[in-house]
Every structure is written in C-alpha cells, then in structure tokens.
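Asks: One file is attached below, coords_11.pdb, containing PDB, C-alpha atoms.
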ATOM      1  CA  MET A   3     -24.795   8.956  71.295
ATOM      2  CA  ALA A   4     -27.879   7.643  73.023
ATOM      3  CA  GLN A   5     -26.563   4.220  72.140
ATOM      4  CA  ALA A   6     -23.165   4.839  73.634
ATOM      5  CA  SER A   7     -24.403   5.720  77.082
ATOM      6  CA  SER A   8     -27.353   3.390  77.182
ATOM      7  CA  GLY A   9     -26.993   1.186  80.226
ATOM      8  CA  LEU A  10     -24.344   3.392  81.774
ATOM      9  CA  LEU A  11     -26.007   3.020  85.162
ATOM     10  CA  ALA A  12     -25.740  -0.734  84.954
ATOM     11  CA  ALA A  13     -21.955  -0.471  85.102
ATOM     12  CA  ASN A  14     -22.475   0.940  88.579
ATOM     13  CA  ASP A  15     -19.599   3.366  88.247
ATOM     14  CA  ASP A  16     -20.490   6.720  89.742
ATOM     15  CA  ALA A  17     -17.401   8.432  88.390
ATOM     16  CA  VAL A  18     -18.481   7.679  84.819
ATOM     17  CA  VAL A  19     -22.065   8.787  85.432
ATOM     18  CA  VAL A  20     -21.017  11.991  87.202
ATOM     19  CA  ALA A  21     -18.571  12.861  84.423
ATOM     20  CA  ALA A  22     -21.294  12.293  81.820
ATOM     21  CA  LEU A  23     -23.708  14.535  83.714
ATOM     22  CA  ARG A  24     -21.109  17.268  83.993
ATOM     23  CA  ARG A  25     -20.586  17.045  80.250
ATOM     24  CA  GLY A  26     -24.312  17.533  79.787
ATOM     25  CA  ASP A  27     -25.022  14.044  78.457
ATOM     26  CA  GLU A  28     -28.784  14.036  78.130
ATOM     27  CA  SER A  29     -29.115  10.284  77.764
ATOM     28  CA  VAL A  30     -27.444   9.567  81.088
ATOM     29  CA  PHE A  31     -29.649  12.136  82.776
ATOM     30  CA  THR A  32     -32.703  10.470  81.213
ATOM     31  CA  GLU A  33     -31.481   7.108  82.359
ATOM     32  CA  LEU A  34     -31.159   8.357  85.941
ATOM     33  CA  VAL A  35     -34.566  10.005  85.842
ATOM     34  CA  ASN A  36     -36.141   6.819  84.510
ATOM     35  CA  ALA A  37     -34.443   4.635  87.050
ATOM     36  CA  TYR A  38     -35.184   6.644  90.180
ATOM     37  CA  SER A  39     -38.090   9.042  89.707
ATOM     38  CA  SER A  40     -40.753   6.533  90.715
ATOM     39  CA  SER A  41     -38.913   5.586  93.909
ATOM     40  CA  LEU A  42     -38.286   9.246  94.684
ATOM     41  CA  LEU A  43     -41.913  10.119  94.087
ATOM     42  CA  ARG A  44     -43.233   7.380  96.337
ATOM     43  CA  LEU A  45     -40.829   8.328  99.066
ATOM     44  CA  ALA A  46     -41.725  12.028  98.772
ATOM     45  CA  GLN A  47     -45.371  11.102  99.244
ATOM     46  CA  ASP A  48     -44.537   9.739 102.666
ATOM     47  CA  PHE A  49     -43.568  13.234 103.750
ATOM     48  CA  VAL A  50     -45.945  15.590 101.980
ATOM     49  CA  ARG A  51     -49.687  15.635 101.729
ATOM     50  CA  THR A  52     -50.474  15.507  98.057
ATOM     51  CA  ARG A  53     -49.118  13.964  94.920
ATOM     52  CA  PRO A  54     -48.677  17.302  93.099
ATOM     53  CA  VAL A  55     -46.501  18.540  95.946
ATOM     54  CA  ALA A  56     -44.542  15.278  95.884
ATOM     55  CA  GLU A  57     -44.005  15.745  92.145
ATOM     56  CA  GLU A  58     -42.705  19.231  92.759
ATOM     57  CA  VAL A  59     -40.316  17.861  95.346
ATOM     58  CA  VAL A  60     -38.995  15.311  92.839
ATOM     59  CA  GLN A  61     -38.611  18.033  90.229
ATOM     60  CA  GLU A  62     -36.714  20.244  92.674
ATOM     61  CA  THR A  63     -34.533  17.290  93.597
ATOM     62  CA  TRP A  64     -33.399  16.738  90.017
ATOM     63  CA  LEU A  65     -32.724  20.434  89.572
ATOM     64  CA  ALA A  66     -30.673  20.391  92.759
ATOM     65  CA  VAL A  67     -28.719  17.424  91.391
ATOM     66  CA  LEU A  68     -27.855  19.428  88.295
ATOM     67  CA  SER A  69     -26.912  22.557  90.168
ATOM     68  CA  GLY A  70     -24.897  20.561  92.698
ATOM     69  CA  ILE A  71     -23.196  18.040  90.428
ATOM     70  CA  ASP A  72     -20.011  20.105  90.095
ATOM     71  CA  ARG A  73     -19.637  20.075  93.857
ATOM     72  CA  PHE A  74     -20.423  16.374  94.247
ATOM     73  CA  GLU A  75     -17.303  14.834  95.727
ATOM     74  CA  GLY A  76     -18.254  11.200  95.697
ATOM     75  CA  ARG A  77     -17.873  10.724  99.439
ATOM     76  CA  SER A  78     -21.179   8.903  99.273
ATOM     77  CA  SER A  79     -22.611   7.191  96.225
ATOM     78  CA  LEU A  80     -24.585   9.264  93.748
ATOM     79  CA  LYS A  81     -27.768   7.390  94.711
ATOM     80  CA  THR A  82     -27.246   8.014  98.407
ATOM     81  CA  TRP A  83     -26.764  11.709  97.685
ATOM     82  CA  LEU A  84     -29.793  11.843  95.376
ATOM     83  CA  PHE A  85     -32.102  10.366  98.017
ATOM     84  CA  ARG A  86     -30.629  12.674 100.664
ATOM     85  CA  ILE A  87     -31.563  15.698  98.596
ATOM     86  CA  LEU A  88     -35.065  14.301  98.103
ATOM     87  CA  VAL A  89     -35.648  13.574 101.776
ATOM     88  CA  ASN A  90     -34.340  16.987 102.839
ATOM     89  CA  LYS A  91     -36.591  18.752 100.376
ATOM     90  CA  ALA A  92     -39.597  16.583 101.171
ATOM     91  CA  LYS A  93     -39.152  17.132 104.903
ATOM     92  CA  THR A  94     -38.887  20.883 104.446
ATOM     93  CA  ARG A  95     -42.091  20.836 102.433
ATOM     94  CA  GLY A  96     -43.763  18.516 104.919
ATOM     95  CA  VAL A  97     -42.952  20.854 107.780
ATOM     96  CA  ARG A  98     -44.201  23.830 105.818
ATOM     97  CA  GLU A  99     -47.425  21.928 105.201
ATOM     98  CA  ALA A 100     -47.482  21.014 108.891
ATOM     99  CA  ARG A 101     -47.545  17.373 107.972
ATOM    100  CA  THR A 102     -45.781  15.299 110.493
ATOM    101  CA  VAL A 103     -44.910  11.802 109.523
ATOM    102  CA  PRO A 104     -45.540   9.588 112.499
ATOM    103  CA  PHE A 105     -43.700   6.635 111.052
ATOM    104  CA  SER A 106     -42.979   5.215 114.459
ATOM    105  CA  SER A 107     -46.661   5.056 115.311
ATOM    106  CA  PHE A 108     -47.254   2.652 112.442
ATOM    107  CA  VAL A 109     -44.702   0.182 113.622
ATOM    108  CA  GLY A 110     -46.376  -2.903 114.957
ATOM    109  CA  ASP A 111     -49.681  -2.015 113.323
ATOM    110  CA  GLU A 112     -48.443  -3.690 110.285
ATOM    111  CA  ASP A 113     -48.305  -7.367 109.715
ATOM    112  CA  THR A 114     -46.988  -9.636 112.390
ATOM    113  CA  GLY A 115     -46.452 -13.365 112.189
ATOM    114  CA  PRO A 116     -43.730 -15.386 110.508
ATOM    115  CA  VAL A 117     -41.921 -14.048 107.436
ATOM    116  CA  VAL A 118     -41.891 -17.509 105.878
ATOM    117  CA  PRO A 119     -45.230 -19.390 106.009
ATOM    118  CA  GLU A 120     -45.187 -22.124 108.605
ATOM    119  CA  GLU A 121     -46.369 -24.713 106.067
ATOM    120  CA  ARG A 122     -42.885 -24.596 104.624
ATOM    121  CA  PHE A 123     -41.467 -26.122 107.787
ATOM    122  CA  ARG A 124     -41.903 -29.556 109.304
ATOM    123  CA  GLY A 125     -44.529 -29.846 111.994
ATOM    124  CA  PRO A 126     -44.082 -30.633 115.694
ATOM    125  CA  ASP A 127     -44.584 -34.384 115.160
ATOM    126  CA  ASP A 128     -41.850 -34.648 112.585
ATOM    127  CA  GLN A 129     -38.442 -36.021 113.390
ATOM    128  CA  TRP A 130     -37.025 -32.568 112.584
ATOM    129  CA  PRO A 131     -39.651 -30.083 113.730
ATOM    130  CA  GLY A 132     -39.102 -26.525 112.541
ATOM    131  CA  HIS A 133     -36.786 -27.551 109.731
ATOM    132  CA  TRP A 134     -37.505 -26.960 106.075
ATOM    133  CA  ALA A 135     -40.198 -29.138 104.527
ATOM    134  CA  SER A 136     -40.148 -27.184 101.284
ATOM    135  CA  PRO A 137     -36.705 -25.622 101.161
ATOM    136  CA  PRO A 138     -35.644 -22.521  99.198
ATOM    137  CA  VAL A 139     -34.336 -22.826  95.654
ATOM    138  CA  PRO A 140     -30.533 -22.885  95.589
ATOM    139  CA  LEU A 141     -29.553 -19.899  93.436
ATOM    140  CA  ASP A 142     -26.569 -21.686  91.940
ATOM    141  CA  THR A 143     -29.074 -23.787  89.982
ATOM    142  CA  VAL A 144     -30.509 -20.623  88.401
ATOM    143  CA  PRO A 145     -28.765 -19.335  85.267
ATOM    144  CA  GLU A 146     -27.055 -16.032  85.985
ATOM    145  CA  THR A 147     -28.651 -14.455  82.920
ATOM    146  CA  ARG A 148     -32.050 -15.141  84.452
ATOM    147  CA  LEU A 149     -31.085 -13.635  87.799
ATOM    148  CA  LEU A 150     -29.702 -10.517  86.197
ATOM    149  CA  ALA A 151     -32.532 -10.160  83.688
ATOM    150  CA  ARG A 152     -34.443  -6.920  83.740
ATOM    151  CA  GLU A 153     -37.644  -8.779  84.514
ATOM    152  CA  THR A 154     -36.196 -10.180  87.738
ATOM    153  CA  ARG A 155     -35.376  -6.675  88.946
ATOM    154  CA  GLN A 156     -38.791  -5.484  87.865
ATOM    155  CA  ARG A 157     -40.462  -8.212  89.908
ATOM    156  CA  ILE A 158     -38.585  -7.080  92.984
ATOM    157  CA  ALA A 159     -39.305  -3.424  92.248
ATOM    158  CA  GLY A 160     -42.980  -4.349  91.855
ATOM    159  CA  ALA A 161     -43.002  -6.122  95.205
ATOM    160  CA  LEU A 162     -41.315  -3.104  96.813
ATOM    161  CA  GLU A 163     -44.170  -0.944  95.592
ATOM    162  CA  THR A 164     -46.749  -3.074  97.318
ATOM    163  CA  LEU A 165     -45.081  -2.997 100.760
ATOM    164  CA  PRO A 166     -46.782  -1.053 103.553
ATOM    165  CA  ASP A 167     -45.527   2.566 103.557
ATOM    166  CA  THR A 168     -43.101   2.360 106.427
ATOM    167  CA  GLN A 169     -41.549  -0.890 105.239
ATOM    168  CA  ARG A 170     -41.215   0.529 101.746
ATOM    169  CA  ALA A 171     -39.612   3.721 103.037
ATOM    170  CA  VAL A 172     -37.089   1.780 105.107
ATOM    171  CA  VAL A 173     -36.218  -0.741 102.381
ATOM    172  CA  THR A 174     -35.965   2.031  99.774
ATOM    173  CA  LEU A 175     -33.568   4.071 101.859
ATOM    174  CA  ARG A 176     -31.480   1.123 102.986
ATOM    175  CA  ASP A 177     -31.349  -1.051  99.887
ATOM    176  CA  VAL A 178     -32.080   1.279  96.984
ATOM    177  CA  ALA A 179     -30.489   4.478  98.289
ATOM    178  CA  GLY A 180     -27.777   2.673 100.241
ATOM    179  CA  TRP A 181     -28.171   4.657 103.465
ATOM    180  CA  ASP A 182     -26.904   3.241 106.732
ATOM    181  CA  SER A 183     -29.353   2.380 109.494
ATOM    182  CA  GLU A 184     -28.459   5.409 111.592
ATOM    183  CA  GLU A 185     -29.313   7.834 108.821
ATOM    184  CA  VAL A 186     -32.605   6.029 108.112
ATOM    185  CA  CYS A 187     -33.629   6.084 111.791
ATOM    186  CA  GLU A 188     -32.896   9.781 111.962
ATOM    187  CA  ALA A 189     -34.766  10.637 108.751
ATOM    188  CA  LEU A 190     -37.842   8.585 109.607
ATOM    189  CA  GLY A 191     -37.844   9.069 113.366
ATOM    190  CA  LEU A 192     -37.497   5.373 114.083
ATOM    191  CA  SER A 193     -35.657   3.510 116.803
ATOM    192  CA  GLU A 194     -32.920   1.099 115.688
ATOM    193  CA  GLY A 195     -35.074  -1.830 116.750
ATOM    194  CA  ASN A 196     -38.140  -0.688 114.831
ATOM    195  CA  GLN A 197     -36.101   0.075 111.770
ATOM    196  CA  ARG A 198     -34.719  -3.449 111.848
ATOM    197  CA  VAL A 199     -38.157  -5.014 112.208
ATOM    198  CA  LEU A 200     -39.460  -3.020 109.236
ATOM    199  CA  LEU A 201     -36.403  -3.899 107.173
ATOM    200  CA  HIS A 202     -36.794  -7.552 108.079
ATOM    201  CA  ARG A 203     -40.437  -7.767 107.091
ATOM    202  CA  GLY A 204     -39.958  -5.743 103.936
ATOM    203  CA  ARG A 205     -36.919  -7.641 102.693
ATOM    204  CA  ALA A 206     -38.565 -10.973 103.472
ATOM    205  CA  LYS A 207     -41.430 -10.105 101.127
ATOM    206  CA  LEU A 208     -39.060  -9.091  98.361
ATOM    207  CA  ARG A 209     -37.194 -12.361  98.772
ATOM    208  CA  ALA A 210     -40.482 -14.249  98.546
ATOM    209  CA  ALA A 211     -41.262 -12.358  95.326
ATOM    210  CA  LEU A 212     -37.885 -13.373  93.902
ATOM    211  CA  GLU A 213     -38.420 -16.976  94.878
ATOM    212  CA  ASP A 214     -41.953 -17.064  93.412
ATOM    213  CA  TYR A 215     -40.613 -15.649  90.196
ATOM    214  CA  LEU A 216     -37.772 -18.160  89.996
ATOM    215  CA  GLU A 217     -40.156 -21.031  90.607
ATOM    216  CA  GLU A 218     -42.361 -20.009  87.696
ATOM    217  CA  SER A 219     -41.655 -21.795  84.432
TER     218      SER A 219
ATOM    219  CA  MET B  19     -11.690 -23.511 125.779
ATOM    220  CA  ALA B  20     -15.249 -23.547 126.983
ATOM    221  CA  VAL B  21     -17.471 -25.523 124.711
ATOM    222  CA  PRO B  22     -20.681 -23.598 124.076
ATOM    223  CA  GLU B  23     -23.755 -25.464 125.106
ATOM    224  CA  GLN B  24     -25.422 -27.262 122.244
ATOM    225  CA  THR B  25     -28.479 -25.385 121.052
ATOM    226  CA  ASP B  26     -31.044 -26.391 118.534
ATOM    227  CA  LEU B  27     -31.889 -23.356 116.521
ATOM    228  CA  THR B  28     -34.423 -24.486 113.930
ATOM    229  CA  CYS B  29     -34.643 -23.285 110.334
ATOM    230  CA  GLN B  30     -37.950 -21.664 111.203
ATOM    231  CA  GLU B  31     -36.248 -19.668 113.949
ATOM    232  CA  LEU B  32     -33.241 -18.862 111.820
ATOM    233  CA  VAL B  33     -35.221 -17.141 109.059
ATOM    234  CA  GLU B  34     -36.538 -14.691 111.635
ATOM    235  CA  LEU B  35     -32.989 -13.813 112.694
ATOM    236  CA  VAL B  36     -31.582 -13.196 109.232
ATOM    237  CA  THR B  37     -31.861  -9.408 109.303
ATOM    238  CA  ASP B  38     -30.424  -9.159 112.798
ATOM    239  CA  TYR B  39     -27.566 -11.336 111.569
ATOM    240  CA  LEU B  40     -26.909  -9.245 108.463
ATOM    241  CA  GLU B  41     -27.165  -6.053 110.526
ATOM    242  CA  GLY B  42     -24.650  -7.311 113.047
ATOM    243  CA  ALA B  43     -27.293  -6.998 115.747
ATOM    244  CA  LEU B  44     -27.142 -10.511 117.171
ATOM    245  CA  ALA B  45     -25.558 -11.083 120.555
ATOM    246  CA  PRO B  46     -22.256 -12.999 120.131
ATOM    247  CA  ARG B  47     -23.814 -16.155 121.486
ATOM    248  CA  ASP B  48     -26.768 -15.975 119.079
ATOM    249  CA  ARG B  49     -24.469 -15.217 116.211
ATOM    250  CA  LEU B  50     -22.504 -18.328 116.995
ATOM    251  CA  ASP B  51     -25.686 -20.443 117.043
ATOM    252  CA  PHE B  52     -26.744 -18.912 113.764
ATOM    253  CA  GLU B  53     -23.438 -19.610 112.069
ATOM    254  CA  ARG B  54     -23.259 -23.112 113.467
ATOM    255  CA  HIS B  55     -26.665 -23.875 112.029
ATOM    256  CA  LEU B  56     -25.469 -22.641 108.641
ATOM    257  CA  VAL B  57     -22.515 -25.004 108.730
ATOM    258  CA  TRP B  58     -24.718 -28.065 108.538
ATOM    259  CA  CYS B  59     -27.859 -26.679 106.901
ATOM    260  CA  SER B  60     -27.451 -26.021 103.178
ATOM    261  CA  TRP B  61     -31.137 -25.030 102.922
ATOM    262  CA  CYS B  62     -30.637 -22.138 105.284
ATOM    263  CA  ARG B  63     -27.469 -21.186 103.385
ATOM    264  CA  ASP B  64     -29.662 -21.113 100.282
ATOM    265  CA  TYR B  65     -32.155 -18.922 102.115
ATOM    266  CA  LEU B  66     -29.445 -16.489 103.214
ATOM    267  CA  ASP B  67     -28.050 -16.468  99.701
ATOM    268  CA  GLN B  68     -31.488 -15.620  98.307
ATOM    269  CA  MET B  69     -31.788 -12.812 100.828
ATOM    270  CA  ARG B  70     -28.400 -11.341  99.910
ATOM    271  CA  THR B  71     -29.241 -11.572  96.216
ATOM    272  CA  THR B  72     -32.594  -9.902  96.839
ATOM    273  CA  ILE B  73     -30.875  -7.007  98.604
ATOM    274  CA  GLU B  74     -28.430  -6.641  95.735
ATOM    275  CA  LEU B  75     -31.158  -6.746  93.094
ATOM    276  CA  THR B  76     -33.276  -4.237  95.027
ATOM    277  CA  GLY B  77     -30.388  -1.800  94.741
ATOM    278  CA  ALA B  78     -29.765  -2.421  91.049
ATOM    279  CA  PRO B  79     -31.237   0.349  88.931
ATOM    280  CA  SER B  80     -34.363  -0.804  87.163
ATOM    281  CA  VAL B  81     -35.878   0.878  84.188
ATOM    282  CA  GLU B  82     -39.131   2.453  85.166
ATOM    283  CA  GLU B  83     -41.024   5.064  83.258
ATOM    284  CA  PRO B  84     -41.979   8.063  85.349
ATOM    285  CA  ALA B  85     -45.082  10.082  84.580
ATOM    286  CA  SER B  86     -44.228  11.553  81.201
ATOM    287  CA  PRO B  87     -45.081  15.245  81.845
ATOM    288  CA  LEU B  88     -42.536  15.161  84.643
ATOM    289  CA  ARG B  89     -39.914  13.730  82.344
ATOM    290  CA  GLU B  90     -40.560  16.263  79.618
ATOM    291  CA  GLN B  91     -40.270  19.111  82.093
ATOM    292  CA  LEU B  92     -37.078  17.650  83.460
ATOM    293  CA  LEU B  93     -35.561  17.313  80.029
ATOM    294  CA  ASP B  94     -36.400  20.950  79.288
ATOM    295  CA  ALA B  95     -34.801  21.925  82.577
ATOM    296  CA  PHE B  96     -31.785  19.809  81.713
ATOM    297  CA  ARG B  97     -31.363  21.536  78.340
ATOM    298  CA  ASP B  98     -31.671  24.963  79.985
ATOM    299  CA  TRP B  99     -29.090  23.941  82.561
ATOM    300  CA  LYS B 100     -26.791  22.673  79.833
ATOM    301  CA  ARG B 101     -27.041  25.959  77.933
ATOM    302  CA  THR B 102     -25.982  27.898  81.015
ATOM    303  CA  ARG B 103     -22.792  25.841  81.069
ATOM    304  CA  GLU B 104     -21.746  26.417  77.487
TER     305      GLU B 104
END
Give the structure from the file, written as structure tokens.
Replies:
Amino acid sequence: MAQASSGLLAANDDAVVVAALRRGDESVFTELVNAYSSSLLRLAQDFVRTRPVAEEVVQETWLAVLSGIDRFEGRSSLKTWLFRILVNKAKTRGVREARTVPFSSFVGDEDTGPVVPEERFRGPDDQWPGHWASPPVPLDTVPETRLLARETRQRIAGALETLPDTQRAVVTLRDVAGWDSEEVCEALGLSEGNQRVLLHRGRAKLRAALEDYLEES
Amino acid sequence: MAVPEQTDLTCQELVELVTDYLEGALAPRDRLDFERHLVWCSWCRDYLDQMRTTIELTGAPSVEEPASPLREQLLDAFRDWKRTRE
C-alpha cells in the first residue's frame, strides 16, 4: 500500500491526494508531512517567537487539515489552503505573544546590487556593453531527467532555506504555496512594490543555484 | 501606426526587469522593449526560461525529513483521527 501511493504528490493532482486523505491513507499523509513540514516550520518562525511554539503551530496546522479535509472544496489548491491555515494560526499565536512581524521594515536592509554579477556582462569598452559575456545555459541542452531529478529540487529547496527571512517568506508563499501577490502583501504587511523586490531578489538567487548545479559535472 | 522609438535595453538591464515582466508590472512601453529584446537575444530567452523553470521547481514538492518527534506525533494524531472516522 505504501508502494501504491508513493509519489502521489508528484502527480500534482489534488483530487487524488484529497480523496486518499479522506480515505485515511497514511502514506499520503506522511508524504505531505515530509514534503511541507520544513517549509511550514520556517514560515511559522517568522511569526512566533520560539521554535517550540512554531512546532506547535505546524502540529495544529496538520490537525486542522485533517479536521477540515471533508470540507475542502478545491477552490484553491491543497498547498495554498495548507499554507493559509498555517499563516492564520501562526499570526494568531504571534499576536497572542505580542510579537509583531515588521517585515516591511526589513525591506531595503537586505542586499542591494545586481541580481546577476556584473562580471557576466560585457564592459563599457566592449562593442556590446551590458550584453552577456558569459551567457546562461540553455535548458534545452540539459536532459529532462536531470532537471526533474530529486537532487535538482533539493538544491533549489536548499537555496530557499538560505535566503534572508523576508525573501524566503515571500518566495515560499508565492512559489511554494502558490498564493497571489495580493494575499502575500496582506499576510506579510508589504506593499506591492516591496513584495516584488523581495520576490525578484529571492528568485534570482534560486535561479543562480539551479544554474550552478547544472554547470557542475 | 506610430513606430516606437528604438531603445537599447541591455541584457544587464533586462535581468533586473524579469520579475516585473512576469508579474505584469511593466508599463506597456517597457514591456514592449523587453519583448523586443527577447526577439533577438536568445541568451536572455535562456535566462527567462531558467527563471520560469526555477519557479516551477520551487513549487514542486521535495522530499524533506521533518524533525522526527513531530512526525511521530503527527502519525499518532492521524491514526486517532482515522479511528474517529471508522
């Protein structure tokens, strides 16, 4: 049975996953927990003061998923819903702990400067200043199996972990949870412009991690 | 038809506009410059392609192991929950 549902998430079909959860399929629940608990935990820590409290929030989130799964209508994706529950619970706890998360005050404190190192472009004396000197790898030269390999995703996940908090929170909610920008701005108290800057810087670093990985070997 | 003035957006400038482009936040004029650059610059198309792939891969579930006590507790909770449904 564990075999049968192994990799169910990879099919990216919420209806199948939701049906399995409703049936009480432990392996699909485990798969979900394994895939998202670390991201949920890191995000929770942006809202509450301590790791134990963040762990409790994650725990409560999973319990809320179970108790709410029969009412889940699939108007958003399962992931989007999962992260919504987490953020709501984490914010409630954060308020109770009187922790305010001044995300907006961090914007601009973080790195500035170009997202691609300037050495990769031709200098001012070149015939084509500002154009690629060392251009990106065309992905159609990379075997699809390599791109889709677990290790490639793990490299990107690893790079996500090392982003500054606000960038990580924004990229997690946008690109992992699949929230739209409006919902992210509201949850994190960011302006549209700041959210975009954080997304830009965060995604650029993940892309660089992908490119570094593809250029190895 | 008015011919837009020729601009010379460089690759170095384009990479800084990628998120605004993907977010639909570029002014129409800037969007046009961006897309025109892409027409002749395969390197920047490769860059944009890498960015789109990165976004997709970021959203793909990856297998991570959470702290094990948490997982054990969750599995117990799951089994309790399952029993209440039988």
Asks: Let me know the residues the ChimeraX specification (/A :<9) & /B catches in the file above, as a VMD selection string.
Replies: chain B and resid 27 to 31 33 to 38 41 60 to 65 67 to 85 88 to 89 91 to 93 95 to 97 99 to 100 103
Asks: What residues come out when you apply the PyMOL selection byres ((chain B and resi 51) around 12) to this file, written as a JSON list (two decimals) with C-alpha atoms, in the coordinates of the input?
Replies:
[["chain", "number", "residue", "atom", "x", "y", "z"],
["B", 22, "PRO", "CA", -20.68, -23.60, 124.08],
["B", 23, "GLU", "CA", -23.76, -25.46, 125.11],
["B", 24, "GLN", "CA", -25.42, -27.26, 122.24],
["B", 25, "THR", "CA", -28.48, -25.38, 121.05],
["B", 26, "ASP", "CA", -31.04, -26.39, 118.53],
["B", 27, "LEU", "CA", -31.89, -23.36, 116.52],
["B", 28, "THR", "CA", -34.42, -24.49, 113.93],
["B", 29, "CYS", "CA", -34.64, -23.28, 110.33],
["B", 31, "GLU", "CA", -36.25, -19.67, 113.95],
["B", 32, "LEU", "CA", -33.24, -18.86, 111.82],
["B", 35, "LEU", "CA", -32.99, -13.81, 112.69],
["B", 39, "TYR", "CA", -27.57, -11.34, 111.57],
["B", 44, "LEU", "CA", -27.14, -10.51, 117.17],
["B", 45, "ALA", "CA", -25.56, -11.08, 120.56],
["B", 46, "PRO", "CA", -22.26, -13.00, 120.13],
["B", 47, "ARG", "CA", -23.81, -16.16, 121.49],
["B", 48, "ASP", "CA", -26.77, -15.98, 119.08],
["B", 49, "ARG", "CA", -24.47, -15.22, 116.21],
["B", 50, "LEU", "CA", -22.50, -18.33, 117.00],
["B", 52, "PHE", "CA", -26.74, -18.91, 113.76],
["B", 53, "GLU", "CA", -23.44, -19.61, 112.07],
["B", 54, "ARG", "CA", -23.26, -23.11, 113.47],
["B", 55, "HIS", "CA", -26.66, -23.88, 112.03],
["B", 56, "LEU", "CA", -25.47, -22.64, 108.64],
["B", 57, "VAL", "CA", -22.52, -25.00, 108.73],
["B", 58, "TRP", "CA", -24.72, -28.06, 108.54]]
Asks: Let me make sure I understand: among A:Val59, A:Val67, A:Val144, A:Ala13, which one has the smallest atom-to-atom distance to Leu45 (chain A) if we use only C-alpha atoms?
Replies: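 Of A:Val59, A:Val67, A:Val144, A:Ala13, the one nearest Leu45 (chain A) is A:Val59, counting only C-alpha atoms.
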Asks: Please, what distance in Å, to one decimal, runs between CA of Gly160 (chain A) and CA of Tyr215 (chain A)?
Replies: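 Separation of CA of Gly160 (chain A) and CA of Tyr215 (chain A): 11.7 Å.
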Asks: Expressed in Å to a single decimal, how great is the separation between CA of Cys187 (chain A) and CA of Glu99 (chain A)?
Replies: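 Between CA of Cys187 (chain A) and CA of Glu99 (chain A) the gap is 22.0 Å.
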Asks: What box, with edges along x, y and z, holds each listed atom of region 85-94 of chain A when 3 Å is added on every side, and can you state its centre and edge lengths in Å to one decimal, as JSON?
Replies:
{"center_x": -35.1, "center_y": 15.6, "center_z": 101.5, "size_x": 15.0, "size_y": 16.5, "size_z": 12.9}
